[in-house]
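What follows is data-v3.cif (mmCIF, C-alpha atoms).
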data_model
loop_
_atom_site.group_PDB
_atom_site.id
_atom_site.type_symbol
_atom_site.label_atom_id
_atom_site.label_comp_id
_atom_site.auth_asym_id
_atom_site.auth_seq_id
_atom_site.Cartn_x
_atom_site.Cartn_y
_atom_site.Cartn_z
ATOM 1 C CA MET S 23 0.382 -78.186 -43.206
ATOM 2 C CA LEU S 24 -2.818 -76.239 -43.729
ATOM 3 C CA LEU S 25 -5.073 -78.270 -41.454
ATOM 4 C CA ARG S 26 -4.091 -80.997 -39.009
ATOM 5 C CA ALA S 27 -6.179 -83.141 -36.681
ATOM 6 C CA ARG S 28 -4.801 -85.527 -34.093
ATOM 7 C CA GLY S 29 -6.749 -88.022 -32.016
ATOM 8 C CA VAL S 30 -10.108 -86.402 -32.770
ATOM 9 C CA SER S 31 -13.042 -88.176 -31.151
ATOM 10 C CA LYS S 32 -16.644 -87.104 -30.827
ATOM 11 C CA VAL S 33 -19.165 -88.650 -28.444
ATOM 12 C CA TYR S 34 -22.806 -87.598 -28.376
ATOM 13 C CA ASN S 35 -24.838 -88.341 -25.265
ATOM 14 C CA MET S 36 -28.344 -89.527 -26.112
ATOM 15 C CA GLY S 37 -29.855 -89.878 -22.673
ATOM 16 C CA GLU S 38 -28.027 -92.774 -21.045
ATOM 17 C CA VAL S 39 -26.517 -93.925 -24.339
ATOM 18 C CA GLU S 40 -23.179 -92.678 -25.664
ATOM 19 C CA VAL S 41 -22.861 -92.557 -29.448
ATOM 20 C CA HIS S 42 -19.251 -92.579 -30.655
ATOM 21 C CA ALA S 43 -19.341 -90.642 -33.936
ATOM 22 C CA LEU S 44 -15.536 -90.415 -34.300
ATOM 23 C CA ARG S 45 -12.793 -92.436 -32.681
ATOM 24 C CA SER S 46 -9.255 -91.052 -32.645
ATOM 25 C CA VAL S 47 -9.098 -89.623 -36.178
ATOM 26 C CA ASP S 48 -5.838 -88.208 -37.552
ATOM 27 C CA LEU S 49 -5.923 -86.028 -40.664
ATOM 28 C CA ASP S 50 -3.459 -83.872 -42.614
ATOM 29 C CA LEU S 51 -4.569 -81.459 -45.344
ATOM 30 C CA ARG S 52 -2.067 -79.501 -47.385
ATOM 31 C CA GLU S 53 -2.738 -76.254 -49.225
ATOM 32 C CA SER S 54 -4.198 -76.794 -52.734
ATOM 33 C CA GLU S 55 -4.719 -80.497 -52.001
ATOM 34 C CA LEU S 56 -7.964 -82.124 -53.092
ATOM 35 C CA MET S 57 -9.286 -84.792 -50.763
ATOM 36 C CA VAL S 58 -12.382 -86.958 -50.981
ATOM 37 C CA LEU S 59 -14.044 -88.141 -47.790
ATOM 38 C CA LEU S 60 -15.876 -91.422 -48.362
ATOM 39 C CA GLY S 61 -17.584 -93.803 -45.982
ATOM 40 C CA GLU S 62 -20.737 -95.624 -45.123
ATOM 41 C CA SER S 63 -23.681 -93.866 -43.551
ATOM 42 C CA GLY S 64 -22.910 -93.346 -39.881
ATOM 43 C CA SER S 65 -19.142 -93.582 -40.303
ATOM 44 C CA GLY S 66 -18.487 -90.051 -38.991
ATOM 45 C CA LYS S 67 -18.007 -87.970 -42.152
ATOM 46 C CA SER S 68 -20.349 -85.176 -41.077
ATOM 47 C CA PRO S 69 -19.064 -84.873 -37.487
ATOM 48 C CA LEU S 70 -15.505 -84.629 -38.831
ATOM 49 C CA LEU S 71 -16.452 -81.897 -41.313
ATOM 50 C CA ILE S 72 -18.411 -80.047 -38.617
ATOM 51 C CA ILE S 73 -15.376 -80.102 -36.324
ATOM 52 C CA ILE S 74 -12.797 -79.000 -38.922
ATOM 53 C CA GLY S 75 -15.275 -76.363 -40.097
ATOM 54 C CA GLY S 76 -15.242 -74.824 -36.620
ATOM 55 C CA LEU S 77 -18.929 -75.471 -35.885
ATOM 56 C CA ASP S 78 -18.321 -77.894 -32.999
ATOM 57 C CA ARG S 79 -15.499 -79.036 -30.762
ATOM 58 C CA PRO S 80 -14.263 -82.602 -30.464
ATOM 59 C CA THR S 81 -14.811 -84.542 -27.266
ATOM 60 C CA GLU S 82 -11.102 -85.440 -27.407
ATOM 61 C CA GLY S 83 -8.181 -84.517 -29.615
ATOM 62 C CA HIS S 84 -6.830 -81.402 -31.273
ATOM 63 C CA VAL S 85 -7.341 -79.548 -34.555
ATOM 64 C CA TRP S 86 -5.029 -76.896 -35.985
ATOM 65 C CA TYR S 87 -5.497 -74.531 -38.899
ATOM 66 C CA GLU S 88 -2.019 -73.390 -39.894
ATOM 67 C CA ASP S 89 -0.516 -72.631 -36.463
ATOM 68 C CA VAL S 90 -3.798 -71.875 -34.663
ATOM 69 C CA GLU S 91 -5.239 -74.593 -32.455
ATOM 70 C CA LEU S 92 -8.960 -74.470 -33.183
ATOM 71 C CA THR S 93 -9.772 -76.623 -30.178
ATOM 72 C CA GLU S 94 -8.458 -73.856 -27.914
ATOM 73 C CA LEU S 95 -10.494 -71.031 -29.476
ATOM 74 C CA ASP S 96 -13.562 -69.587 -27.792
ATOM 75 C CA ASP S 97 -16.843 -69.082 -29.674
ATOM 76 C CA ALA S 98 -15.743 -65.673 -31.003
ATOM 77 C CA GLY S 99 -12.471 -67.148 -32.249
ATOM 78 C CA LEU S 100 -14.277 -69.982 -34.033
ATOM 79 C CA THR S 101 -16.671 -67.472 -35.607
ATOM 80 C CA GLU S 102 -13.696 -65.488 -36.897
ATOM 81 C CA TYR S 103 -12.070 -68.693 -38.239
ATOM 82 C CA ARG S 104 -15.253 -69.649 -40.086
ATOM 83 C CA GLY S 105 -15.680 -66.163 -41.516
ATOM 84 C CA GLU S 106 -12.125 -65.885 -42.779
ATOM 85 C CA HIS S 107 -11.145 -69.443 -43.751
ATOM 86 C CA VAL S 108 -14.128 -71.737 -44.196
#
Hey, can you dump this file as C-alpha coordinates for me?
Amino acid sequence: MLLRARGVSKVYNMGEVEVHALRSVDLDLRESELMVLLGESGSGKSPLLIIIGGLDRPTEGHVWYEDVELTELDDAGLTEYRGEHV
(Lines of atoms letter the chains of each structure in order from A and count residues from 1; the text may use other names and numbers.)
(Lines give C-alpha, C1' and ligand atoms only; values in the text may rest on other atoms or scores of the structure.)
Protein backbone atom coordinates (compact mmCIF):
# COMPACT_ATOMS: atom_id res chain seq x y z
CA MET A 1 0.00 0.00 0.00
CA LEU A 2 1.44 3.35 -1.00
CA LEU A 3 -0.69 5.55 1.24
CA ARG A 4 -3.03 4.49 4.02
CA ALA A 5 -5.24 6.52 6.35
CA ARG A 6 -7.19 5.12 9.27
CA GLY A 7 -9.74 6.94 11.39
CA VAL A 8 -8.67 10.38 10.18
CA SER A 9 -10.68 13.21 11.68
CA LYS A 10 -10.09 16.94 11.57
CA VAL A 11 -11.77 19.47 13.85
CA TYR A 12 -11.22 23.21 13.48
CA ASN A 13 -11.97 25.44 16.44
CA MET A 14 -13.70 28.66 15.40
CA GLY A 15 -13.96 30.46 18.70
CA GLU A 16 -16.43 28.46 20.77
CA VAL A 17 -17.64 26.48 17.75
CA GLU A 18 -16.06 23.21 16.63
CA VAL A 19 -16.22 22.51 12.90
CA HIS A 20 -15.84 18.82 12.03
CA ALA A 21 -14.22 18.82 8.59
CA LEU A 22 -13.50 15.06 8.55
CA ARG A 23 -14.98 12.26 10.61
CA SER A 24 -13.13 8.95 10.84
CA VAL A 25 -12.00 8.61 7.21
CA ASP A 26 -10.27 5.44 6.01
CA LEU A 27 -8.39 5.48 2.70
CA ASP A 28 -6.09 3.12 0.79
CA LEU A 29 -4.09 4.24 -2.26
CA ARG A 30 -1.99 1.81 -4.24
CA GLU A 31 0.97 2.70 -6.44
CA SER A 32 -0.06 3.70 -10.00
CA GLU A 33 -3.73 3.81 -8.96
CA LEU A 34 -5.87 6.69 -10.18
CA MET A 35 -8.49 7.89 -7.73
CA VAL A 36 -11.07 10.65 -8.02
CA LEU A 37 -12.20 12.47 -4.90
CA LEU A 38 -15.74 13.79 -5.31
CA GLY A 39 -18.12 15.42 -2.88
CA GLU A 40 -20.28 18.38 -2.14
CA SER A 41 -18.81 21.68 -1.03
CA GLY A 42 -17.88 21.37 2.63
CA SER A 43 -17.63 17.58 2.58
CA GLY A 44 -13.95 17.52 3.60
CA LYS A 45 -12.10 16.99 0.31
CA SER A 46 -9.57 19.77 0.88
CA PRO A 47 -8.79 18.92 4.53
CA LEU A 48 -8.17 15.30 3.50
CA LEU A 49 -5.82 16.32 0.69
CA ILE A 50 -4.03 18.77 3.00
CA ILE A 51 -3.48 16.01 5.55
CA ILE A 52 -2.25 13.34 3.11
CA GLY A 53 -0.09 16.00 1.46
CA GLY A 54 1.73 16.53 4.76
CA LEU A 55 0.64 20.16 5.21
CA ASP A 56 -1.42 19.55 8.36
CA ARG A 57 -1.97 16.85 10.95
CA PRO A 58 -5.29 15.21 11.71
CA THR A 59 -7.01 15.83 15.01
CA GLU A 60 -7.40 12.04 15.31
CA GLY A 61 -6.27 9.05 13.30
CA HIS A 62 -3.15 7.95 11.47
CA VAL A 63 -1.67 8.35 7.99
CA TRP A 64 1.14 6.26 6.53
CA TYR A 65 3.16 6.72 3.37
CA GLU A 66 4.68 3.33 2.59
CA ASP A 67 5.93 2.30 6.05
CA VAL A 68 6.38 5.83 7.46
CA GLU A 69 3.68 7.13 9.78
CA LEU A 70 3.23 10.74 8.71
CA THR A 71 1.25 11.58 11.82
CA GLU A 72 4.35 10.87 13.91
CA LEU A 73 6.73 13.08 11.90
CA ASP A 74 7.87 16.47 13.15
CA ASP A 75 7.76 19.57 10.93
CA ALA A 76 11.16 18.79 9.38
CA GLY A 77 10.05 15.24 8.59
CA LEU A 78 6.86 16.47 6.93
CA THR A 79 8.87 18.99 4.91
CA GLU A 80 11.13 16.17 3.71
CA TYR A 81 8.08 14.02 2.84
CA ARG A 82 6.54 16.84 0.81
CA GLY A 83 9.80 17.56 -0.99
CA GLU A 84 10.45 13.96 -1.94
CA HIS A 85 7.00 12.43 -2.46
CA VAL A 86 4.28 15.03 -2.95
Selection dump of the PyMOL selection byres ((chain S and resi 27) around 9), as a list in words: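 This file, filtered by the PyMOL selection byres ((chain S and resi 27) around 9), leaves Leu25, Arg26, Arg28, Gly29, Val30, Val47, Asp48, Leu49, Asp50, Leu51, Ile74, Gly83, His84, Val85, Trp86 and Tyr87 of chain S.
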Among the residues S:Val108, S:Leu95, S:Val33, S:Leu100, the one that comes closest to Gly66 in chain S [using only C-alpha atoms]: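 Closest candidate: S:Val33.
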Distance query 8 Å from (-14.0, -91.2, -35.2) using all atoms listed in the file, result as a ChimeraX atom specification: /S:30-32,42-47,65-66,70
Box centre and edge lengths (Å, one decimal), axis-aligned, range 42-56 of chain S plus 5 Å each side, as JSON:
{"center_x": -10.7, "center_y": -84.4, "center_z": -41.9, "size_x": 27.3, "size_y": 26.3, "size_z": 32.4}
Hits of the PyMOL selection byres ((chain S and resi 53) around 8) in this structure, as an MDAnalysis selection string: chainID S and resid 23:24 51:52 54:55
Selection result for the PyMOL selection byres ((chain S and resi 59) around 10) on this file, as a VMD selection string: chain S and resid 57 to 58 60 to 61 67 to 68 70 to 71
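What separates CA of Glu38 in chain S from CA of Asp78 in chain S is a distance of 21.4 Å.
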Atom-to-atom span, CA of Glu102 in chain S and CA of Asn35 in chain S, Å: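 So the two atoms, CA of Glu102 in chain S and CA of Asn35 in chain S, lie 28.0 Å apart.
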Shortest interatomic distance to Ile73 in chain S - which of S:Val39, S:Gly99, S:Leu92, S:Tyr34, counting all atoms listed in the file: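 Of the candidates, the smallest distance to Ile73 in chain S is held by S:Leu92.
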For Gly76 in chain S, the nearest of the candidates S:Gly64, S:Leu56, S:Glu88, S:His107, counting only C-alpha atoms: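 Selected residue with least distance to Gly76 in chain S: S:His107.
CA of Glu40 in chain S is positioned 26.4 Å from CA of Glu91 in chain S.
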